[in-house]
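Dropping my_file31.cif in here (mmCIF, C-alpha atoms):
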```
data_run
#
loop_
_atom_site.label_atom_id
_atom_site.label_comp_id
_atom_site.auth_asym_id
_atom_site.auth_seq_id
_atom_site.Cartn_x
_atom_site.Cartn_y
_atom_site.Cartn_z
CA MET A 268 49.55 -28.82 219.28
CA GLU A 269 51.69 -30.51 216.61
CA PHE A 270 48.93 -33.07 216.03
CA TYR A 271 46.39 -30.23 215.53
CA ILE A 272 48.59 -28.45 212.95
CA GLN A 273 49.27 -31.74 211.15
CA SER A 274 45.52 -32.48 211.00
CA GLN A 275 44.80 -29.06 209.51
CA GLU A 276 47.47 -29.58 206.84
CA GLN A 277 45.97 -32.95 205.93
CA ILE A 278 42.49 -31.44 205.69
CA PHE A 279 43.78 -28.62 203.48
CA LEU A 280 45.61 -31.05 201.15
CA ALA A 281 42.53 -33.27 200.94
CA LEU A 282 40.38 -30.25 200.07
CA VAL A 283 42.79 -29.09 197.33
CA PHE A 284 42.96 -32.63 195.92
CA THR A 285 39.15 -32.87 195.87
CA ILE A 286 38.81 -29.54 194.03
CA ILE A 287 41.42 -30.54 191.42
CA MET A 288 39.80 -33.92 190.82
CA THR A 289 36.36 -32.30 190.50
CA ILE A 290 37.65 -29.88 187.86
CA VAL A 291 39.31 -32.73 185.93
CA VAL A 292 36.18 -34.92 186.00
CA VAL A 293 33.87 -32.06 184.93
CA THR A 294 36.24 -31.09 182.09
CA ILE A 295 36.41 -34.67 180.80
CA HIS A 296 32.61 -35.01 181.05
CA VAL A 297 31.97 -31.75 179.16
CA LYS A 298 34.44 -32.64 176.41
CA GLY A 299 32.89 -36.08 176.09
CA ASN A 300 29.40 -34.60 175.70
CA LYS A 301 30.63 -32.14 173.09
CA LYS A 302 32.09 -34.98 171.05
CA GLN A 303 28.82 -36.93 171.26
CA GLN A 304 26.64 -33.95 170.28
CA ARG A 305 26.22 -33.16 166.62
CA SER A 306 26.49 -29.38 166.49
CA PRO A 307 25.44 -27.53 163.32
CA PRO A 308 28.29 -26.12 161.24
CA GLU A 309 29.45 -22.58 161.90
CA PRO A 310 30.61 -20.25 159.11
CA ALA A 311 34.23 -19.19 159.19
CA GLY A 312 35.25 -15.62 159.87
CA ALA A 313 33.82 -15.10 163.35
CA LEU A 314 35.64 -12.45 165.38
CA PRO A 315 36.01 -12.22 169.16
CA LEU A 316 33.21 -10.37 170.94
CA ILE A 317 31.14 -9.55 167.82
CA GLY A 318 31.01 -13.03 166.24
CA HIS A 319 29.59 -12.98 162.70
CA LEU A 320 27.97 -9.54 162.92
CA HIS A 321 30.48 -8.02 160.50
CA LEU A 322 29.47 -10.58 157.84
CA LEU A 323 25.77 -9.71 157.98
CA GLY A 324 24.97 -7.00 155.47
CA ALA A 325 28.54 -6.82 154.17
CA ASN A 326 29.01 -5.25 150.71
CA ASN A 327 25.49 -3.77 150.98
CA GLN A 328 24.02 -7.24 150.48
CA LEU A 329 20.54 -7.95 151.80
CA LEU A 330 20.46 -10.17 154.88
CA HIS A 331 18.42 -12.98 153.31
CA ARG A 332 20.88 -13.17 150.40
CA THR A 333 23.79 -13.44 152.85
CA PHE A 334 22.03 -16.31 154.63
CA ALA A 335 21.26 -17.95 151.28
CA ASP A 336 24.95 -17.87 150.32
CA MET A 337 25.87 -19.37 153.71
CA ALA A 338 23.20 -22.07 153.31
CA ASP A 339 24.61 -23.03 149.90
CA LYS A 340 27.99 -23.52 151.53
CA TYR A 341 27.15 -24.94 154.98
CA GLY A 342 23.80 -26.64 154.46
CA PRO A 343 20.15 -25.96 155.42
CA ALA A 344 20.93 -25.55 159.13
CA PHE A 345 23.94 -23.72 160.53
CA SER A 346 24.76 -21.60 163.56
CA ILE A 347 26.11 -18.08 163.76
CA ARG A 348 27.29 -15.99 166.67
CA LEU A 349 25.53 -12.67 167.20
CA GLY A 350 27.90 -11.06 169.63
CA ILE A 351 27.88 -13.31 172.69
CA HIS A 352 24.72 -15.16 171.61
CA GLN A 353 24.49 -18.33 169.52
CA ALA A 354 21.76 -18.43 166.86
CA LEU A 355 20.48 -21.20 164.59
CA VAL A 356 19.70 -20.31 160.96
CA VAL A 357 17.29 -22.64 159.13
CA SER A 358 16.67 -22.34 155.39
CA ASN A 359 14.80 -25.55 154.62
CA TRP A 360 11.13 -26.31 155.27
CA GLU A 361 11.83 -29.86 156.43
CA VAL A 362 14.27 -28.62 159.07
CA ALA A 363 11.88 -25.83 160.08
CA LYS A 364 9.08 -28.39 160.48
CA GLU A 365 11.39 -30.52 162.63
CA CYS A 366 12.13 -27.51 164.84
CA PHE A 367 8.51 -26.49 165.36
CA THR A 368 6.89 -29.94 165.64
CA THR A 369 9.18 -32.69 166.96
CA ASN A 370 11.45 -30.29 168.88
CA ASP A 371 8.94 -27.53 169.54
CA LYS A 372 9.66 -27.53 173.28
CA VAL A 373 13.25 -26.50 172.57
CA PHE A 374 12.26 -23.42 170.52
CA PRO A 375 9.10 -21.97 172.12
CA THR A 376 10.43 -19.03 174.09
CA ARG A 377 11.33 -15.56 172.85
CA PRO A 378 14.66 -13.79 173.12
CA ASN A 379 14.94 -11.05 175.70
CA SER A 380 16.07 -7.62 174.58
CA LEU A 381 16.56 -4.20 176.08
CA ALA A 382 13.68 -2.78 174.02
CA VAL A 383 11.32 -5.42 175.41
CA LYS A 384 12.51 -4.72 178.95
CA LEU A 385 11.96 -0.96 178.58
CA MET A 386 8.76 -0.85 176.51
CA ALA A 387 6.99 -4.18 177.13
CA TYR A 388 6.70 -4.00 180.93
CA ASN A 389 9.73 -6.25 181.35
CA ARG A 390 8.24 -9.08 179.26
CA LYS A 391 4.72 -8.76 180.68
CA MET A 392 3.47 -8.02 177.16
CA LEU A 393 2.00 -11.25 175.78
CA GLY A 394 3.85 -11.18 172.47
CA PHE A 395 7.23 -10.94 174.21
CA ALA A 396 6.57 -13.02 177.34
CA PRO A 397 8.76 -16.10 177.87
CA HIS A 398 7.09 -19.43 177.26
CA GLY A 399 5.61 -20.71 180.51
CA GLN A 400 2.55 -20.65 182.74
CA TYR A 401 2.14 -16.85 182.60
CA TRP A 402 2.17 -16.86 178.79
CA ARG A 403 -0.33 -19.73 178.64
CA ASP A 404 -2.70 -18.05 181.11
CA MET A 405 -2.63 -14.66 179.35
CA ARG A 406 -3.03 -16.24 175.91
CA LYS A 407 -6.05 -18.21 177.13
CA LEU A 408 -7.57 -15.08 178.68
CA ALA A 409 -7.11 -13.02 175.51
CA THR A 410 -8.41 -15.82 173.30
CA VAL A 411 -11.53 -16.54 175.35
CA GLU A 412 -12.48 -13.02 176.46
CA LEU A 413 -11.56 -11.02 173.36
CA LEU A 414 -11.03 -13.18 170.28
CA SER A 415 -13.45 -16.09 170.72
CA SER A 416 -16.52 -16.48 168.48
CA ARG A 417 -18.81 -15.94 171.48
CA ARG A 418 -17.09 -12.70 172.43
CA LEU A 419 -16.99 -11.43 168.85
CA GLU A 420 -20.71 -12.07 168.55
CA LEU A 421 -21.39 -10.23 171.83
CA LEU A 422 -19.40 -7.24 170.58
CA LYS A 423 -20.80 -7.31 167.06
CA HIS A 424 -22.72 -4.11 167.74
CA VAL A 425 -19.41 -2.29 168.29
CA ARG A 426 -18.27 -3.01 164.74
CA ASP A 427 -21.70 -2.20 163.31
CA THR A 428 -21.93 1.09 165.19
CA GLU A 429 -18.45 2.26 164.20
CA ILE A 430 -18.94 1.35 160.53
CA ASN A 431 -22.29 3.18 160.48
CA CYS A 432 -20.68 6.25 162.06
CA PHE A 433 -17.87 6.06 159.51
CA ILE A 434 -20.32 6.02 156.58
CA LYS A 435 -22.41 8.84 158.08
CA GLU A 436 -19.33 11.01 158.48
CA LEU A 437 -18.44 10.44 154.83
CA TYR A 438 -21.97 11.42 153.86
CA GLU A 439 -21.87 14.56 156.00
CA GLN A 440 -18.61 15.55 154.36
CA THR A 441 -20.18 15.23 150.91
CA GLU A 442 -23.11 17.33 152.08
CA LYS A 443 -20.73 20.09 153.13
CA SER A 444 -18.97 19.84 149.75
CA ARG A 445 -22.30 20.00 147.87
CA GLY A 446 -22.51 16.41 146.70
CA VAL A 447 -18.91 15.38 145.97
CA ALA A 448 -15.90 15.17 148.31
CA VAL A 449 -12.34 13.90 147.96
CA VAL A 450 -11.46 11.92 151.10
CA GLU A 451 -8.06 10.59 152.20
CA MET A 452 -9.00 7.08 153.29
CA LYS A 453 -5.82 5.87 154.95
CA GLU A 454 -6.25 7.98 158.09
CA ARG A 455 -10.04 7.53 158.11
CA ILE A 456 -9.90 3.73 157.96
CA GLY A 457 -7.09 3.71 160.53
CA ASP A 458 -9.19 5.84 162.89
CA MET A 459 -12.21 3.56 162.43
CA ALA A 460 -10.11 0.46 163.16
CA MET A 461 -8.65 2.17 166.22
CA ASN A 462 -12.14 3.04 167.47
CA ILE A 463 -13.27 -0.58 167.19
CA ILE A 464 -10.15 -1.83 168.98
CA VAL A 465 -10.30 0.70 171.83
CA ARG A 466 -14.04 0.19 172.36
CA LYS A 467 -13.60 -3.58 172.66
CA ILE A 468 -10.67 -3.21 175.04
CA ALA A 469 -11.46 -0.09 177.05
CA GLY A 470 -15.02 0.90 176.10
CA LYS A 471 -13.94 4.27 174.68
CA THR A 472 -14.42 6.02 171.33
CA TYR A 473 -11.46 8.10 170.25
CA PHE A 474 -12.19 9.52 166.80
CA GLY A 475 -15.11 10.90 164.82
CA THR A 476 -18.14 12.91 165.85
CA GLN A 477 -18.75 10.63 168.84
CA GLY A 478 -15.09 10.58 169.80
CA SER A 479 -13.59 12.07 172.92
CA CYS A 480 -10.14 12.78 174.33
CA ASP A 481 -8.67 13.73 170.96
CA GLU A 482 -5.31 14.69 172.48
CA GLU A 483 -5.09 11.38 174.33
CA SER A 484 -5.99 9.46 171.18
CA ARG A 485 -3.26 11.11 169.13
CA ARG A 486 -0.75 10.45 171.89
CA CYS A 487 -1.80 6.81 171.89
CA GLN A 488 -1.45 6.49 168.11
CA LYS A 489 1.94 8.19 168.10
CA ALA A 490 3.18 6.00 170.95
CA MET A 491 2.11 2.86 169.08
CA LYS A 492 3.78 4.07 165.90
CA ASP A 493 7.00 4.81 167.80
CA PHE A 494 6.77 1.40 169.48
CA PHE A 495 6.68 -0.39 166.11
CA TYR A 496 9.71 1.58 164.96
CA LEU A 497 11.81 1.21 168.10
CA ILE A 498 11.08 -2.47 168.76
CA GLY A 499 12.62 -3.32 165.38
CA LEU A 500 15.85 -1.40 165.88
CA PHE A 501 19.15 -3.19 166.29
CA LEU A 502 20.64 -2.47 169.71
CA VAL A 503 24.33 -3.03 170.32
CA SER A 504 23.66 -3.93 173.96
CA ASP A 505 21.57 -6.95 172.89
CA THR A 506 24.58 -8.62 171.29
CA VAL A 507 27.56 -7.06 173.09
CA PRO A 508 26.25 -5.93 176.51
CA PHE A 509 29.36 -4.05 177.63
CA LEU A 510 29.01 -1.76 174.58
CA GLY A 511 25.57 -0.61 175.71
CA TRP A 512 26.86 2.95 176.03
CA VAL A 513 26.71 3.16 172.22
CA ASP A 514 22.90 2.92 172.37
CA VAL A 515 22.85 5.63 175.02
CA LEU A 516 24.97 7.97 172.89
CA MET A 517 22.73 7.37 169.86
CA GLY A 518 19.69 8.40 171.92
CA ARG A 519 17.79 5.15 171.44
CA ILE A 520 17.47 4.38 175.14
CA SER A 521 15.94 7.79 175.87
CA GLU A 522 13.51 7.37 172.94
CA MET A 523 12.40 3.98 174.25
CA LYS A 524 11.92 5.31 177.76
CA ARG A 525 9.90 8.25 176.43
CA THR A 526 7.69 5.96 174.31
CA ALA A 527 7.20 3.59 177.25
CA LYS A 528 6.16 6.55 179.41
CA GLU A 529 3.62 7.71 176.79
CA LEU A 530 2.11 4.24 176.45
CA ASP A 531 2.00 3.80 180.21
CA PHE A 532 0.23 7.15 180.60
CA VAL A 533 -2.56 6.16 178.20
CA LEU A 534 -2.93 2.60 179.45
CA GLY A 535 -2.75 3.71 183.08
CA SER A 536 -5.59 6.17 182.49
CA TRP A 537 -7.71 3.37 181.00
CA VAL A 538 -7.12 1.07 183.98
CA ASN A 539 -7.69 3.82 186.55
CA GLU A 540 -10.96 4.89 184.88
CA HIS A 541 -12.24 1.32 184.99
CA ARG A 542 -11.17 0.81 188.58
CA ASP A 543 -12.85 4.08 189.68
CA ARG A 544 -16.04 3.21 187.81
CA ARG A 545 -16.16 -0.23 189.43
CA LEU A 546 -15.87 1.40 192.86
CA ARG A 547 -18.69 3.86 192.08
CA GLU A 548 -21.11 1.69 190.11
CA GLY A 549 -20.03 -1.90 190.68
CA LEU A 550 -20.11 -4.55 187.94
CA THR A 551 -22.99 -3.12 185.92
CA GLY A 552 -23.42 -2.68 182.19
CA GLU A 553 -21.32 -4.08 179.39
CA GLN A 554 -17.97 -5.58 180.39
CA ASP A 555 -15.01 -4.80 178.14
CA PHE A 556 -11.64 -6.56 178.18
CA ILE A 557 -10.14 -4.39 180.94
CA ASP A 558 -13.17 -5.10 183.16
CA VAL A 559 -12.65 -8.83 182.62
CA MET A 560 -8.95 -8.57 183.46
CA LEU A 561 -9.64 -6.56 186.61
CA SER A 562 -12.06 -9.27 187.75
CA VAL A 563 -9.46 -11.96 187.09
CA MET A 564 -6.82 -10.03 189.03
CA ASP A 565 -9.21 -9.51 191.95
CA GLU A 566 -10.09 -13.21 192.05
CA GLY A 567 -6.40 -14.12 192.13
CA ASN A 568 -5.67 -11.63 194.96
CA ILE A 569 -2.79 -10.21 192.93
CA PRO A 570 -1.23 -7.01 194.38
CA THR A 571 -2.38 -3.81 192.68
CA GLN A 572 1.02 -2.81 191.32
CA GLU A 573 1.68 -6.22 189.78
CA ALA A 574 -1.91 -6.46 188.53
CA ASP A 575 -1.59 -3.09 186.79
CA ALA A 576 1.62 -4.20 185.06
CA ILE A 577 -0.03 -7.44 183.87
CA ILE A 578 -3.17 -5.66 182.66
CA LYS A 579 -1.29 -2.89 180.87
CA GLY A 580 1.13 -5.37 179.34
CA THR A 581 -1.66 -7.61 178.02
CA VAL A 582 -3.88 -4.73 176.89
CA SER A 583 -1.04 -2.91 175.12
CA ASN A 584 0.00 -6.07 173.30
CA THR A 585 -3.60 -6.70 172.20
CA ALA A 586 -4.15 -3.13 171.04
CA ILE A 587 -0.82 -2.97 169.23
CA ASP A 588 -1.32 -6.39 167.67
CA MET A 589 -4.82 -5.60 166.44
CA SER A 590 -3.86 -2.17 165.11
CA GLU A 591 -0.83 -3.55 163.26
CA GLY A 592 -3.01 -5.32 160.67
CA PRO A 593 -4.74 -2.20 159.27
CA GLY A 594 -1.43 -0.34 159.43
CA LEU A 595 0.29 -2.98 157.30
CA THR A 596 -2.49 -3.38 154.75
CA LEU A 597 -3.13 0.31 154.18
CA PRO A 598 -0.85 2.03 151.63
CA ARG A 599 2.08 3.88 153.16
CA ALA A 600 3.94 5.51 150.28
CA ALA A 601 1.05 7.51 148.81
CA PRO A 602 -2.32 8.46 150.32
CA LEU A 603 -5.42 6.64 149.12
CA GLU A 604 -7.87 9.29 147.97
CA VAL A 605 -11.41 8.48 146.84
CA THR A 606 -14.22 10.60 145.52
CA VAL A 607 -17.37 10.14 147.59
CA ALA A 608 -20.66 10.79 145.82
CA PRO A 609 -23.69 9.34 147.69
CA ARG A 610 -26.54 7.91 145.61
CA LEU A 611 -29.05 7.41 148.41
CA PRO A 612 -30.96 9.99 150.46
CA SER A 613 -29.55 10.96 153.85
CA MET A 614 -32.19 9.11 155.90
CA LEU A 615 -30.84 5.77 154.62
CA TYR A 616 -27.35 6.38 155.99
#
```

Written as structure tokens, that's how I'd like the structure from this file.
Amino acid sequence: MEFYIQSQEQIFLALVFTIIMTIVVVTIHVKGNKKQQRSPPEPAGALPLIGHLHLLGANNQLLHRTFADMADKYGPAFSIRLGIHQALVVSNWEVAKECFTTNDKVFPTRPNSLAVKLMAYNRKMLGFAPHGQYWRDMRKLATVELLSSRRLELLKHVRDTEINCFIKELYEQTEKSRGVAVVEMKERIGDMAMNIIVRKIAGKTYFGTQGSCDEESRRCQKAMKDFFYLIGLFLVSDTVPFLGWVDVLMGRISEMKRTAKELDFVLGSWVNEHRDRRLREGLTGEQDFIDVMLSVMDEGNIPTQEADAIIKGTVSNTAIDMSEGPGLTLPRAAPLEVTVAPRLPSMLY
């Protein structure tokens, strides 16, 4: 009995000694690595929990000017702490080239955020997906089946048809106005671009005389507009997670959930319509991007729920990405109004 107790004590002491020695060795190893690594300089003034957040935008100074002042003091590459996260700030093209060429494998992925989790199908959206096999596969699919020269040539008639319809509608408006009409072009060009995008992706026409589902189209446009606004907001929970209740009180979380629900409603209706049509008619007629994605998901034997999330995430990213260009290039502050006066007879339009 005494021998048994003595053996247990020896085992316990040996275990404690092993744990202590492991902690000591790991601590020495970590400190040694830190001394060997050349870390970028960090500006002074960081506070616990929030880091350098209080220095960004201080004295109503623009963010790029704040970074420029820090770069003058600390060099072309320095690190700052955004809450609990470490960030590298680069203000020199040579350093930027080094980051994205020689060390590109260190910087390829994208930061995760609450907005992406809520509105981008938990990083299923291509533009916010982490770097890896999924991102490579979806990028290849979008490039080959939507953006390649072959695909653009196959869908050339979509652009031609929508532009012809756009011109005819302008002509009809001048006819109603007896030869001259003042037209607000920002919304018209945006609607035409949206028609081209939606036809290539989902095979639908939203606006114009040939358009359908006007209520659905406006919901889609509003959801995309809200998405652009909300995805760019600063969320406290992204930098200091335990202060996430601030975002809840400000109503941003509920706005994001509502926008995500609106987008999911529209995209879900697109996917369901295509799936129902494939069951009724099979793979006949022209194949749009959703048809291609459904075929890829079926070939991979991916479960329906996961396949829907992947399709909606990829389709929403493509639609939002393609609609962002016209939205950025069109004037925002004041409407673009033109006077339309056709010179040719109606049969030529």

Self-check item: Minimum-distance residue to Asp427 of chain A, chosen among A:Leu385, A:Leu323, A:Val582, A:Met459 (using only C-alpha atoms)
Solution: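 Ranking A:Leu385, A:Leu323, A:Val582, A:Met459 by distance to Asp427 of chain A, first place goes to A:Met459.
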
Quiz item: For this file, the PyMOL selection byres ((chain A and resi 351-357) around 9) selects which residues, as a ChimeraX atom specification?
Solution: /A:307,315-318,334,338,342-350,358-360,362-363,505-508

Would you mind exporting C-alpha atoms of the selected residues as a PDB file, in the frame of the given file?
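See again38.pdb below for the written result:
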```
ATOM      1  CA  PRO A 307      25.440 -27.530 163.320  1.00  0.00           C
ATOM      2  CA  PRO A 315      36.010 -12.220 169.160  1.00  0.00           C
ATOM      3  CA  LEU A 316      33.210 -10.370 170.940  1.00  0.00           C
ATOM      4  CA  ILE A 317      31.140  -9.550 167.820  1.00  0.00           C
ATOM      5  CA  GLY A 318      31.010 -13.030 166.240  1.00  0.00           C
ATOM      6  CA  PHE A 334      22.030 -16.310 154.630  1.00  0.00           C
ATOM      7  CA  ALA A 338      23.200 -22.070 153.310  1.00  0.00           C
ATOM      8  CA  GLY A 342      23.800 -26.640 154.460  1.00  0.00           C
ATOM      9  CA  PRO A 343      20.150 -25.960 155.420  1.00  0.00           C
ATOM     10  CA  ALA A 344      20.930 -25.550 159.130  1.00  0.00           C
ATOM     11  CA  PHE A 345      23.940 -23.720 160.530  1.00  0.00           C
ATOM     12  CA  SER A 346      24.760 -21.600 163.560  1.00  0.00           C
ATOM     13  CA  ILE A 347      26.110 -18.080 163.760  1.00  0.00           C
ATOM     14  CA  ARG A 348      27.290 -15.990 166.670  1.00  0.00           C
ATOM     15  CA  LEU A 349      25.530 -12.670 167.200  1.00  0.00           C
ATOM     16  CA  GLY A 350      27.900 -11.060 169.630  1.00  0.00           C
ATOM     17  CA  SER A 358      16.670 -22.340 155.390  1.00  0.00           C
ATOM     18  CA  ASN A 359      14.800 -25.550 154.620  1.00  0.00           C
ATOM     19  CA  TRP A 360      11.130 -26.310 155.270  1.00  0.00           C
ATOM     20  CA  VAL A 362      14.270 -28.620 159.070  1.00  0.00           C
ATOM     21  CA  ALA A 363      11.880 -25.830 160.080  1.00  0.00           C
ATOM     22  CA  ASP A 505      21.570  -6.950 172.890  1.00  0.00           C
ATOM     23  CA  THR A 506      24.580  -8.620 171.290  1.00  0.00           C
ATOM     24  CA  VAL A 507      27.560  -7.060 173.090  1.00  0.00           C
ATOM     25  CA  PRO A 508      26.250  -5.930 176.510  1.00  0.00           C
TER      26      PRO A 508
END
```

Quiz item: What is the atom CA of Asn327 of chain A-atom CA of Val513 of chain A distance in Å, reported with one decimal?
Solution: 22.4 Å

Exercise. List the residues sitting within 8 Å of (-6.7, 8.1, 175.6) in the file's frame, using all atoms listed in the file, as a ChimeraX atom specification.
Key: /A:473,480-487,533-534,536-537

Quiz item: What does the distance from atom CA of Lys579 of chain A to atom CA of Glu420 of chain A come to in Å, to one decimal?
Solution: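 Taking atom CA of Lys579 of chain A and atom CA of Glu420 of chain A, their separation equals 24.8 Å.
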
Quiz item: To one decimal place, how far is atom CA of Gly399 of chain A from atom CA of Val373 of chain A in Å?
Solution: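 Distance between the two atoms: 12.4 Å.
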
Practice problem: Run the PyMOL selection byres ((chain A and resi 586) around 12) on the file and write out the hits as a PyMOL selection string. | Solution: chain A and resi 392-394+409+413+460-469+487-488+490-492+494+530+533-534+556-557+578-585+587-593
